[in-house]
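S.K.: Below is the structure I would like to discuss, written out as structure tokens.
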Amino acid sequence: GYGSDSEDDGADDAPSSSESAEGPSLSADEVTIGYFANITHAPAVIGLQEGDGLIRQELGGTEIGTQIFNAGPSAIEALNAGEVDVTFIGPNPAINGWAQSGGESLRIVAGAASGGASLVVNPETVSSIDDLAGARIATPQLGNTQDVALLNYLSEEGYEVDPESGEGDVSVLRIANSEIPAAFDGGDIDGAWVPEPTAANLVSRGAETLLDEGELWENGQYVVTHVIAAQGFLEEHPDVVEAIVRGLVRTNAWIGENPEEAKTSFNAALAELPGGSELPADVLDPAFDHVEFLNDPLASTLQVGAENAVNAGLLEETDLSGIYDLSILNGVLAEEGQPEVDDAGLGVED
Amino acid sequence: MASSDLTTTPPSSPSSDLAGLEAGLDALETPTAPDHEPGRVWRVLLTKVVPPIVAIALVLIVWQLVYLAEVQPHYLLPGPADVWGEVNEMWREGTLLEYIWTSTSRGILGFLVAVAVGTPLGLLVARVKLVRAAIGPILTGLQSLPSIAWVPAAIIWFGLTNGTIYAVVLLGAVPSIANGIVAGVDQIPPLYLRAGRMLGARGFTSVRHVLLPAALPGYLAGLKQGWAFSWRSLMAAELIVHSPDLGTGLGQLMENYRTLQNMSGVLATIILILIVGVAIDLLIFSPLERRVLRGRGLLARAS
Amino acid sequence: MASSDLTTTPPSSPSSDLAGLEAGLDALETPTAPDHEPGRVWRVLLTKVVPPIVAIALVLIVWQLVYLAEVQPHYLLPGPADVWGEVNEMWREGTLLEYIWTSTSRGILGFLVAVAVGTPLGLLVARVKLVRAAIGPILTGLQSLPSIAWVPAAIIWFGLTNGTIYAVVLLGAVPSIANGIVAGVDQIPPLYLRAGRMLGARGFTSVRHVLLPAALPGYLAGLKQGWAFSWRSLMAAELIVHSPDLGTGLGQLMENYRTLQNMSGVLATIILILIVGVAIDLLIFSPLERRVLRGRGLLARAS
Amino acid sequence: MALALDTPDGGSGTAATASAVRLDHVSKSFGRPGRQQLVLDDISLDVAPGEFVTLIGASGCGKSTLLNLVAGLDAASAGTITVPGGRPALMFQEHALFPWLTAGRNIELALRLRGLPKAERRPEAERLLSLVRLQGSYDKRVHELSGGMRQRVALARALAQDSRLLLMDEPFAALDAITRDVLHEELTRIWSETGVSVLFVTHNVREAVRLAQRVILLSSRPGRVVHEWQVAIDQPRRIEDAEVSALSVAITERLREEIRRHGQQ
Amino acid sequence: MALALDTPDGGSGTAATASAVRLDHVSKSFGRPGRQQLVLDDISLDVAPGEFVTLIGASGCGKSTLLNLVAGLDAASAGTITVPGGRPALMFQEHALFPWLTAGRNIELALRLRGLPKAERRPEAERLLSLVRLQGSYDKRVHELSGGMRQRVALARALAQDSRLLLMDEPFAALDAITRDVLHEELTRIWSETGVSVLFVTHNVREAVRLAQRVILLSSRPGRVVHEWQVAIDQPRRIEDAEVSALSVAITERLREEIRRHGQQ
Ligand SMILES: Nc1ncnc2c1ncn2[C@@H]1O[C@H](COP(=O)(O)OP(=O)(O)OP(=O)(O)O)[C@@H](O)[C@H]1O
Ligand SMILES: Nc1ncnc2c1ncn2[C@@H]1O[C@H](COP(=O)(O)OP(=O)(O)OP(=O)(O)O)[C@@H](O)[C@H]1O
Ligand SMILES: [Mg+2]
Ligand SMILES: [Mg+2]
């Protein structure tokens, strides 16, 4: 019958409101947090879960609005419009938002995830780096993290590619993540430089990992998701941001301690989305293992990524100093007895 | 001398492959036999209900065959059963009607507002030369702007609320509806306007009693296109503005399925959207159209 | 006895705020003074060229004022000068025309194919009752399916080629054009069909010499809407499929600017899209419409 | 005996201090500048209040154009037209009924626009319909009416306007002789009872004589007033009356002459 | 002397071995089942090849409906209609010209659909236009023609079809007496030269007598054949001829009776 499998039986249908009345009230009555429903945003997905999400718990009496985005630009647009106060986001949209607003719109307040991107290729057409000549490699979006990484890598390997059009020794195609598997199956592309879980998805369809982006970075760590806050909100409600950051730090810690539970929890949250379903184990497991959830925004890798984008001609020379405000994060880390993180000289100057 | 009995002999047509088509094209012109017979209900069933069912059945069969032949791997092209399973699941979870209702109510409300705005706008463009010269072509230009173009602006003005969704829907549908009424008004035979004028219809009286009814057939056609624009703009807007507080619509649903590479889900959503579109046509536009055309003697009727 | 000179006295209207509007609505109905005077060229300039320029100038001025008042930070709402700078840069880089041409040529080609497919389809639906019952409502349903819905399927069938783009454009525009011709055919006064029949027009002759010309005004209105559908579908398709072999169109351009959070660029692209839309209307649809309407005496002419 | 009083070309004899319609040197041409065609040339004409004037002339001579000018639907190219009594009622040559309304509703719309209160409209429409012998056709759609029935509904609609000036463009062309006779009777009665002024176009010369006080003959290409007849036959007249016949023959003769002259030009 | 040969109601006297049109007990009703209105009731009628038959009857009695049935544009509710000579040419009561074509092009379309080679079309169209006295109107749009001019273009178009059977629905209603006379002449000439059969509807009884070999009177509601007259007056006739007048008066009298009788029912 209709709704026979419905999960909420009415009673616990309004937990968010009843719950918000419980805790101590912070300086803001309400905060809107944005995130994407994918693996590199797992701390948000898990930490903002209805009921026992750790970020929710930290926010106590402040009502939480959530907004799920499917692309960075919309998130930045919403942040600029004051519709979202804090959002999880990838590095390049943050850099672009920072650059275009002349350093007025946002600040990075914490890290969230590292790694998770790789170059996967069709082994029948590309078996080694040298075979890349003439190949068609996809990235999710012009100028996004993976796109810049691919362009940078190709130029280091000696391939010439026009960054805007993608024409060159290697053809770079920009195809939405959701269409990449179909394009791969159809033989339209020979490979893709993509984040998880798309990479794992392609591997499950017979692709092979040619290169893990981590191999190109020191410690294998590079920022893939971090947390930004609107500058106005940050100034007015540092306590709210602090609560979110604390929740994030605790969520990351929980994930680190309970990786299997984290997967289950993430998958359950995913399945609860409209039209959502659990990721199959052959995609979820490798993807989850490939991403590292950490509080450090890896500021130096952001700097390098920005330089790469500038080199590729996809970003104008930008001064990133002031893009970080890690004081809150470091305060929280100190409380939790964890080491401070470094802003690579890009922090706010007081 | 060849005697052709006009009541019974069909028009002679070349016996080529095209003959069937030609005969079809002549169909409306050929007088239909009067149907006083009691078999009338059956006839209606046969001509109105059976053809769409046959059409749908055919599509399903071809689909199933393609599926079985595995022209594409099953995860790319799921079969009807998979898609049905997906719909069924939404049904059991009790979310199906919510998705449909969220989108449909938004679509209809947005459409109604678009009609309320687009109609006077269209009338002004159609009837006031200066306005037409000033914004007529801009209307067509606006109509061809993709909805996505409005999203950043709408978010700035209206935030992540239903306001943004409606703004995008309006900006998509209003120019289309306005253009529809402009076309309708342009096609009014001047004789009616003159007759209305001689009867003393001026200004709004003239609009109400002459202009609008005279333009109605063209206007309705415009409304139909306007509905399609509303609905598509809505889908685009729903992709962008996705907050649990606002309820989930079919647009978000499809996007989520796409993100998760769930082809059965994508197809299920497509079918749901199709069903809504067909239902709106069958329940609203078709009867309206038929009434308008029949009242004016523009519909050939049986008997 | 009050003497009203019909040649010179305007119709008396209530001196309310609505008076201006009412007068406007009456505009077409009121006979215009004949213009044999040599000032005719000026008059045309005044009524055709000045209003749109004034409209555009007004928009620019308001925009600049809003910009100066800094209602929104400049990076969210750039001024006209910033946007102009962006366009100018594309011009200097020599990419401007390529972007426009890539999209316009795709749009026009897709539209033409859609016309070639949609017209016979629409004729069949309009004239063959069985076909109408079977697929009439489905057409409207298809029309309201968002383009994005077709993208995965199109990629599976056509790969990352222009084929995919055209498939999406066609699926968007064909139902709209078909519906346009259906509406046009439905509005044909039966007298013309009967007259054509008596003259011996059958099948394709009838379509060519009676049906199509008689449906032309409604058909043109449908084509205009169909063009908007093609163009918007094209933008959606271009957003998704972006391969170096295919060239960059305005849809991709806009998406790229959005990615880079470059609002001036987004606005510049919007304006380019608007300009293309307005140009298509001014260069193709308006003259066509005017010719068709004038030839049938549906346009009030000066003198 | 037919007491026809011939007056020479142009201009009416009566003083024009008060007229129902007054045309002063009116001309009308159609077409783009350069390729213009003069249709009406320097027409001067007066219709006195309460007068019944018929216009005759060859097909295409500009009769309908003249009525349109008087109705204010078209602007004259030169000259002035004065219609002091307010908006006239015009019965178009094509019936011009609204196809989206039934016969009865077409009439009611005229009544409504004239300002008749709602309650009175339906009975008045029924009355007008039975006046034109169409009782029982209230609910018929325009496309369900025969040609002559449409014309009669249009007549009823024009009468519904209750104007001081009635412009009628071949209103009885599609009617059989008997129905036409009956409506002649009705029209004459209404005219004499209400004192409305009538400008009436017809091709039926007998009809013109049967109805009018004055018959005006227009020439073709361009239309000019070439002759006028005062019809001094007493009402009630009948279309078969010898006097009506006699004057009709004379007028037809003049019409033939006019057309022949035109053919020779 | 008018040699009118009265035959009793219904059925034609001639043997029906070969007829141009044959109606056998034809009925026609309009409206949805249940609310039907019988318009034509059990009509039987024969038109011999080369015969000229006129139909008269009160407005709304079903004359146009009858022509539509014969033309095959509508299906009879009962009875059979046989038209052995192939598609007839029908001149509609409304002109039914295509507004998207000029006057000349309207005629050319008929010529083209009849199969005339391209080169001959233009001269033939010009010839037909001058036949209806519209030389020089080739390039005029339909909305630029006067009512009578449209009717004449429609006549030219019907003639352009060169059919063996000509169905004409009040073709001269909007024409002045003189033009009408001229076209009567032309039509009679064409008819006698080509031997085409004509079924002709008119309200003008004199016109009916002037043209026809046989005049058929229909009653109203429902339409039935109530009377037939054989017109044995020699051609060339003129509309003013005393014999024509005399028969017309007799027919009008019968028509009046018919309408009166109907009014009493
Ligand atoms: N809109 C128009 N454009 C160009 N010419 C026109 C227009 N209207 C009328 N004419 C021309 O003006 C002339 C007079 O037309 P009008 O309709 O007044 O004639 P009429 O006297 O009413 O004829 P009829 O008795 O046949 O109705 C005709 O030659 C016609 O071609
Ligand atoms: N489509 C229709 N639906 C319903 N009734 C109709 C339809 N067509 C005609 N009628 C009715 O049939 C009757 C005859 O109509 P028809 O047009 O044949 O009359 P007619 O003899 O040609 O009259 P007229 O001389 O006025 O043209 C009328 O009463 C009319 O109302
Ligand atoms: Mg006229
Ligand atoms: Mg008739």
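Starting from 1 in every chain, residues are counted up; chains themselves are A, B, ... following the order of the structure tokens, and ligands are numbered from 1 as listed.
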Dump the neighbourhood of ligand 1 as an NGL selection string: all residues within 7 Å, distances computed on only C-alpha atoms and all ligand atoms.
M.R.: (:D and (30-31 or 39 or 57-66)) or (:E and (143-149 or 174-176))
S.K.: Write out as a PyMOL selection string all residues of region 111-285 of chain A that DSSP puts in helix (DSSP H, G or I) for this structure's backbone.
M.R.: chain A and resi 129-132+145-156+177-185+198-204+213-216+218-220+231-236+238-257+259-272+281-285
S.K.: Please check the contacts: residues of chain B at most 6 Å away from chain C, using only C-alpha atoms, listed as a CSV table (one decimal) with all heavy atoms, in the first residue's frame.
M.R.:
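File produced: iface.csv:
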```
chain,number,residue,atom,x,y,z
B,22,GLU,N,-2.1,9.8,-47.4
B,22,GLU,CA,-3.0,10.7,-48.1
B,22,GLU,C,-4.5,10.6,-47.6
B,22,GLU,O,-5.1,11.6,-47.3
B,22,GLU,CB,-3.0,10.5,-49.6
B,22,GLU,CG,-1.6,10.8,-50.2
B,22,GLU,CD,-1.8,11.4,-51.5
B,22,GLU,OE1,-2.9,11.4,-52.1
B,22,GLU,OE2,-0.8,11.9,-52.1
B,24,GLY,N,-5.3,9.5,-44.8
B,24,GLY,CA,-5.4,10.1,-43.5
B,24,GLY,C,-5.5,11.6,-43.5
B,24,GLY,O,-6.3,12.2,-42.8
B,25,LEU,N,-4.7,12.2,-44.3
B,25,LEU,CA,-4.8,13.6,-44.4
B,25,LEU,C,-6.1,14.1,-44.9
B,25,LEU,O,-6.6,15.2,-44.6
B,25,LEU,CB,-3.7,14.1,-45.3
B,25,LEU,CG,-2.3,14.0,-44.8
B,25,LEU,CD1,-1.2,14.2,-45.9
B,25,LEU,CD2,-2.0,14.9,-43.6
B,48,LYS,N,-10.9,6.7,-29.1
B,48,LYS,CA,-10.3,7.6,-28.1
B,48,LYS,C,-9.4,6.9,-27.1
B,48,LYS,O,-8.3,7.4,-26.7
B,48,LYS,CB,-11.3,8.4,-27.3
B,48,LYS,CG,-12.2,9.3,-28.1
B,48,LYS,CD,-11.6,10.7,-28.2
B,48,LYS,CE,-12.0,11.4,-29.4
B,48,LYS,NZ,-12.6,12.7,-29.2
B,51,PRO,N,-6.4,3.8,-29.1
B,51,PRO,CA,-5.1,4.2,-29.7
B,51,PRO,C,-4.0,4.6,-28.7
B,51,PRO,O,-2.9,4.1,-28.9
B,51,PRO,CB,-5.5,5.4,-30.6
B,51,PRO,CG,-7.0,5.3,-30.8
B,51,PRO,CD,-7.5,4.6,-29.6
B,52,PRO,N,-4.3,5.4,-27.7
B,52,PRO,CA,-3.1,5.7,-26.8
B,52,PRO,C,-2.7,4.5,-26.1
B,52,PRO,O,-1.4,4.3,-25.9
B,52,PRO,CB,-3.7,6.7,-25.8
B,52,PRO,CG,-5.2,6.7,-26.0
B,52,PRO,CD,-5.5,6.2,-27.4
B,55,ALA,N,-0.5,2.6,-28.4
B,55,ALA,CA,0.7,3.4,-28.6
B,55,ALA,C,1.7,3.1,-27.4
B,55,ALA,O,2.8,2.7,-27.6
B,55,ALA,CB,0.5,4.9,-28.7
B,127,ARG,N,-1.4,45.5,-28.8
B,127,ARG,CA,-2.3,46.6,-29.2
B,127,ARG,C,-1.7,47.9,-29.2
B,127,ARG,O,-2.2,48.9,-29.8
B,127,ARG,CB,-3.5,46.6,-28.3
B,127,ARG,CG,-4.3,45.3,-28.3
B,127,ARG,CD,-4.9,45.0,-29.6
B,127,ARG,NE,-6.1,45.8,-29.8
B,127,ARG,CZ,-6.5,46.2,-31.0
B,127,ARG,NH1,-5.9,45.9,-32.1
B,127,ARG,NH2,-7.6,46.9,-31.1
B,128,VAL,N,-0.6,48.1,-28.5
B,128,VAL,CA,0.0,49.5,-28.4
B,128,VAL,C,1.3,49.5,-29.2
B,128,VAL,O,2.2,48.8,-28.9
B,128,VAL,CB,0.2,49.9,-26.9
B,128,VAL,CG1,0.7,51.4,-26.9
B,128,VAL,CG2,-1.0,49.7,-26.1
B,133,ALA,N,6.9,48.1,-30.5
B,133,ALA,CA,8.2,48.5,-31.0
B,133,ALA,C,9.3,48.4,-30.0
B,133,ALA,O,10.4,47.9,-30.2
B,133,ALA,CB,8.1,49.8,-31.6
B,134,ALA,N,8.9,48.8,-28.7
B,134,ALA,CA,9.9,48.9,-27.7
B,134,ALA,C,10.3,47.5,-27.1
B,134,ALA,O,11.5,47.2,-27.0
B,134,ALA,CB,9.5,49.8,-26.5
B,137,PRO,N,10.4,42.6,-29.7
B,137,PRO,CA,11.5,41.6,-29.9
B,137,PRO,C,12.2,41.2,-28.7
B,137,PRO,O,12.7,40.1,-28.6
B,137,PRO,CB,12.4,42.4,-30.8
B,137,PRO,CG,11.6,43.6,-31.4
B,137,PRO,CD,10.6,43.9,-30.3
B,138,ILE,N,12.2,42.1,-27.7
B,138,ILE,CA,12.9,41.7,-26.4
B,138,ILE,C,12.2,40.5,-25.8
B,138,ILE,O,12.8,39.7,-25.2
B,138,ILE,CB,13.0,42.9,-25.5
B,138,ILE,CG1,13.9,44.0,-26.2
B,138,ILE,CG2,13.6,42.5,-24.1
B,138,ILE,CD1,14.0,45.3,-25.4
B,141,GLY,N,13.4,37.5,-27.3
B,141,GLY,CA,14.8,37.3,-26.8
B,141,GLY,C,14.8,36.7,-25.4
B,141,GLY,O,15.4,35.7,-25.2
B,143,GLN,N,12.5,35.0,-24.1
B,143,GLN,CA,11.9,33.7,-24.2
B,143,GLN,C,13.1,32.7,-24.5
B,143,GLN,O,13.0,31.5,-24.0
B,143,GLN,CB,10.9,33.6,-25.3
B,143,GLN,CG,9.9,32.6,-25.1
B,143,GLN,CD,8.9,32.6,-26.2
B,143,GLN,OE1,8.8,33.5,-27.0
B,143,GLN,NE2,8.2,31.5,-26.3
B,144,SER,N,14.0,33.1,-25.2
B,144,SER,CA,15.1,32.2,-25.6
B,144,SER,C,16.2,32.2,-24.6
B,144,SER,O,17.2,31.4,-24.8
B,144,SER,CB,15.6,32.4,-27.0
B,144,SER,OG,16.0,33.7,-27.2
B,146,PRO,N,18.0,30.8,-21.5
B,146,PRO,CA,17.8,29.6,-20.7
B,146,PRO,C,17.5,29.9,-19.2
B,146,PRO,O,18.1,30.9,-18.7
B,146,PRO,CB,19.1,28.8,-20.8
B,146,PRO,CG,20.1,29.8,-21.2
B,146,PRO,CD,19.4,30.9,-22.0
B,183,ALA,N,0.3,36.6,-30.7
B,183,ALA,CA,0.0,35.9,-32.0
B,183,ALA,C,-1.5,35.8,-32.1
B,183,ALA,O,-2.1,35.9,-33.2
B,183,ALA,CB,0.6,34.5,-32.0
B,203,GLY,N,-11.8,50.1,-24.9
B,203,GLY,CA,-10.9,49.8,-23.8
B,203,GLY,C,-11.1,48.4,-23.2
B,203,GLY,O,-11.1,47.4,-24.0
B,221,ALA,N,-3.4,28.1,-27.6
B,221,ALA,CA,-2.1,27.5,-28.1
B,221,ALA,C,-0.9,28.0,-27.4
B,221,ALA,O,0.0,27.3,-27.0
B,221,ALA,CB,-2.0,27.7,-29.6
B,228,ALA,N,4.4,24.4,-21.0
B,228,ALA,CA,5.6,23.7,-21.2
B,228,ALA,C,6.8,24.4,-20.7
B,228,ALA,O,7.7,23.9,-20.0
B,228,ALA,CB,5.8,23.3,-22.7
B,231,TRP,N,6.9,24.5,-16.9
B,231,TRP,CA,7.3,23.2,-16.3
B,231,TRP,C,8.7,23.0,-16.5
B,231,TRP,O,9.4,22.5,-15.5
B,231,TRP,CB,6.4,22.1,-17.0
B,231,TRP,CG,6.7,20.8,-16.4
B,231,TRP,CD1,7.4,19.8,-16.9
B,231,TRP,CD2,6.1,20.3,-15.1
B,231,TRP,NE1,7.4,18.7,-16.1
B,231,TRP,CE2,6.6,19.0,-15.0
B,231,TRP,CE3,5.3,20.8,-14.1
B,231,TRP,CZ2,6.3,18.2,-13.9
B,231,TRP,CZ3,5.0,20.1,-13.1
B,231,TRP,CH2,5.5,18.8,-12.9
B,232,ARG,N,9.3,23.3,-17.6
B,232,ARG,CA,10.7,23.1,-17.8
B,232,ARG,C,11.5,24.0,-17.0
B,232,ARG,O,12.6,23.6,-16.5
B,232,ARG,CB,11.1,23.3,-19.3
B,232,ARG,CG,10.5,22.2,-20.2
B,232,ARG,CD,10.7,22.7,-21.6
B,232,ARG,NE,11.0,21.5,-22.4
B,232,ARG,CZ,11.9,21.4,-23.3
B,232,ARG,NH1,12.8,22.4,-23.5
B,232,ARG,NH2,12.1,20.3,-24.0
B,274,LEU,N,6.5,12.8,-17.6
B,274,LEU,CA,5.6,12.6,-18.8
B,274,LEU,C,4.2,12.5,-18.4
B,274,LEU,O,3.3,13.1,-19.0
B,274,LEU,CB,6.1,11.4,-19.6
B,274,LEU,CG,6.9,11.6,-20.8
B,274,LEU,CD1,7.2,10.2,-21.5
B,274,LEU,CD2,6.1,12.4,-21.8
B,277,GLY,N,2.7,15.7,-17.5
B,277,GLY,CA,2.5,16.5,-18.7
B,277,GLY,C,1.3,16.0,-19.5
B,277,GLY,O,0.4,16.8,-19.9
B,278,VAL,N,1.2,14.7,-19.7
B,278,VAL,CA,0.0,14.2,-20.4
B,278,VAL,C,-1.3,14.4,-19.6
B,278,VAL,O,-2.3,14.8,-20.2
B,278,VAL,CB,0.2,12.6,-20.6
B,278,VAL,CG1,-1.0,12.0,-21.2
B,278,VAL,CG2,1.4,12.4,-21.6
B,281,ASP,N,-2.4,17.9,-20.0
B,281,ASP,CA,-3.0,18.1,-21.4
B,281,ASP,C,-4.4,17.5,-21.4
B,281,ASP,O,-5.3,18.1,-21.9
B,281,ASP,CB,-2.1,17.5,-22.4
B,281,ASP,CG,-2.5,17.8,-23.8
B,281,ASP,OD1,-2.6,19.0,-24.1
B,281,ASP,OD2,-2.9,16.9,-24.6
```
S.K.: Please check the contacts: residues of chain D at most 9 Å away from chain B, using only C-alpha atoms, listed as number ranges by chain.
M.R.: D: 71-73, 87-92, 94, 96-102, 109-111, 113-114, 141-144, 157-158, 161
S.K.: Go ahead and save the picked residues with N, CA and C atoms, as a tab-separated table (two decimals), in the first residue's frame.
M.R.:
```
chain	number	residue	atom	x	y	z
D	71	ALA	N	-19.11	55.56	-40.45
D	71	ALA	CA	-19.08	54.85	-39.16
D	71	ALA	C	-17.83	55.19	-38.36
D	72	GLY	N	-16.86	55.84	-39.02
D	72	GLY	CA	-15.63	56.17	-38.31
D	72	GLY	C	-14.66	55.02	-38.25
D	73	LEU	N	-14.87	54.00	-39.07
D	73	LEU	CA	-13.97	52.84	-39.06
D	73	LEU	C	-12.75	53.09	-39.93
D	87	ARG	N	-22.43	57.59	-31.91
D	87	ARG	CA	-22.05	56.41	-32.66
D	87	ARG	C	-23.22	55.80	-33.41
D	88	PRO	N	-23.06	55.65	-34.72
D	88	PRO	CA	-24.13	55.00	-35.49
D	88	PRO	C	-24.07	53.48	-35.33
D	89	ALA	N	-25.15	52.82	-35.69
D	89	ALA	CA	-25.13	51.36	-35.77
D	89	ALA	C	-24.83	51.00	-37.22
D	90	LEU	N	-23.91	50.05	-37.39
D	90	LEU	CA	-23.55	49.64	-38.76
D	90	LEU	C	-23.82	48.16	-38.93
D	91	MET	N	-24.58	47.86	-39.96
D	91	MET	CA	-24.76	46.46	-40.31
D	91	MET	C	-23.86	46.17	-41.48
D	92	PHE	N	-22.85	45.33	-41.23
D	92	PHE	CA	-21.83	45.09	-42.24
D	92	PHE	C	-22.36	44.26	-43.40
D	94	GLU	N	-20.71	41.71	-44.81
D	94	GLU	CA	-20.58	40.37	-44.25
D	94	GLU	C	-21.27	40.44	-42.89
D	96	ALA	N	-20.62	39.61	-39.90
D	96	ALA	CA	-19.79	40.11	-38.78
D	96	ALA	C	-20.33	39.72	-37.41
D	97	LEU	N	-21.03	38.60	-37.33
D	97	LEU	CA	-21.44	38.10	-36.02
D	97	LEU	C	-20.23	37.47	-35.35
D	98	PHE	N	-20.23	37.48	-34.02
D	98	PHE	CA	-19.12	36.87	-33.30
D	98	PHE	C	-19.33	35.36	-33.21
D	99	PRO	N	-18.41	34.60	-33.77
D	99	PRO	CA	-18.64	33.15	-33.82
D	99	PRO	C	-18.54	32.48	-32.46
D	100	TRP	N	-18.03	33.19	-31.46
D	100	TRP	CA	-17.91	32.53	-30.15
D	100	TRP	C	-19.17	32.72	-29.31
D	101	LEU	N	-20.15	33.39	-29.85
D	101	LEU	CA	-21.41	33.60	-29.13
D	101	LEU	C	-22.55	32.98	-29.93
D	102	THR	N	-23.61	32.64	-29.22
D	102	THR	CA	-24.79	32.17	-29.93
D	102	THR	C	-25.50	33.37	-30.56
D	109	LEU	N	-25.04	41.02	-26.37
D	109	LEU	CA	-23.82	41.80	-26.20
D	109	LEU	C	-24.07	43.24	-26.63
D	110	ALA	N	-24.76	43.41	-27.74
D	110	ALA	CA	-25.07	44.77	-28.19
D	110	ALA	C	-25.91	45.49	-27.13
D	111	LEU	N	-26.86	44.77	-26.57
D	111	LEU	CA	-27.73	45.39	-25.56
D	111	LEU	C	-26.91	45.77	-24.33
D	113	LEU	N	-23.68	46.41	-24.18
D	113	LEU	CA	-22.77	47.53	-24.45
D	113	LEU	C	-23.55	48.83	-24.59
D	114	ARG	N	-24.83	48.71	-24.89
D	114	ARG	CA	-25.66	49.91	-24.96
D	114	ARG	C	-26.06	50.33	-23.54
D	141	ARG	N	-25.52	28.49	-32.66
D	141	ARG	CA	-24.22	29.09	-32.92
D	141	ARG	C	-24.23	29.68	-34.33
D	142	VAL	N	-23.34	30.61	-34.56
D	142	VAL	CA	-23.31	31.28	-35.85
D	142	VAL	C	-23.13	30.28	-36.99
D	143	HIS	N	-22.26	29.28	-36.78
D	143	HIS	CA	-22.01	28.35	-37.89
D	143	HIS	C	-23.17	27.41	-38.11
D	144	GLU	N	-24.16	27.43	-37.23
D	144	GLU	CA	-25.32	26.58	-37.43
D	144	GLU	C	-26.45	27.33	-38.10
D	157	ARG	N	-29.07	42.57	-34.31
D	157	ARG	CA	-28.02	43.14	-33.48
D	157	ARG	C	-27.87	44.64	-33.73
D	158	ALA	N	-27.97	45.01	-35.00
D	158	ALA	CA	-27.86	46.45	-35.31
D	158	ALA	C	-29.02	47.20	-34.68
D	161	GLN	N	-28.81	48.12	-30.99
D	161	GLN	CA	-27.99	49.23	-30.53
D	161	GLN	C	-28.81	50.48	-30.28
```
S.K.: Excluding Tyr99 (chain B) and any residue of its chain fewer than 3 positions from it, enumerate the residues within 6 Å of it, using only C-alpha atoms, and give them as a list of chain:residue names.
M.R.: B:Leu96, B:Thr102, B:Thr248, B:Gly249, B:Leu250
S.K.: Please, could you write that set of residues out with all heavy atoms as a CSV table (one decimal), in the first residue's frame?
M.R.:
```
chain,number,residue,atom,x,y,z
B,96,LEU,N,6.1,9.1,-3.3
B,96,LEU,CA,5.8,9.3,-4.7
B,96,LEU,C,4.8,10.6,-4.9
B,96,LEU,O,5.1,11.5,-5.6
B,96,LEU,CB,5.1,8.1,-5.3
B,96,LEU,CG,4.7,8.2,-6.7
B,96,LEU,CD1,5.9,8.2,-7.6
B,96,LEU,CD2,3.8,7.0,-7.1
B,102,THR,N,4.5,18.2,-5.1
B,102,THR,CA,5.4,19.4,-4.9
B,102,THR,C,5.6,20.1,-6.2
B,102,THR,O,5.4,21.3,-6.4
B,102,THR,CB,6.7,19.0,-4.3
B,102,THR,OG1,6.5,18.3,-3.1
B,102,THR,CG2,7.6,20.2,-4.0
B,248,THR,N,10.6,18.2,-1.9
B,248,THR,CA,11.4,17.7,-3.0
B,248,THR,C,10.5,17.6,-4.2
B,248,THR,O,9.4,17.0,-4.1
B,248,THR,CB,11.9,16.3,-2.7
B,248,THR,OG1,12.7,16.4,-1.5
B,248,THR,CG2,12.8,15.8,-3.8
B,249,GLY,N,10.9,18.1,-5.3
B,249,GLY,CA,10.1,18.0,-6.5
B,249,GLY,C,10.8,17.0,-7.5
B,249,GLY,O,11.8,16.4,-7.2
B,250,LEU,N,10.1,16.9,-8.6
B,250,LEU,CA,10.6,15.9,-9.6
B,250,LEU,C,12.0,16.3,-10.2
B,250,LEU,O,12.8,15.4,-10.5
B,250,LEU,CB,9.6,15.7,-10.7
B,250,LEU,CG,8.3,15.1,-10.3
B,250,LEU,CD1,7.2,15.2,-11.4
B,250,LEU,CD2,8.5,13.6,-9.9
```
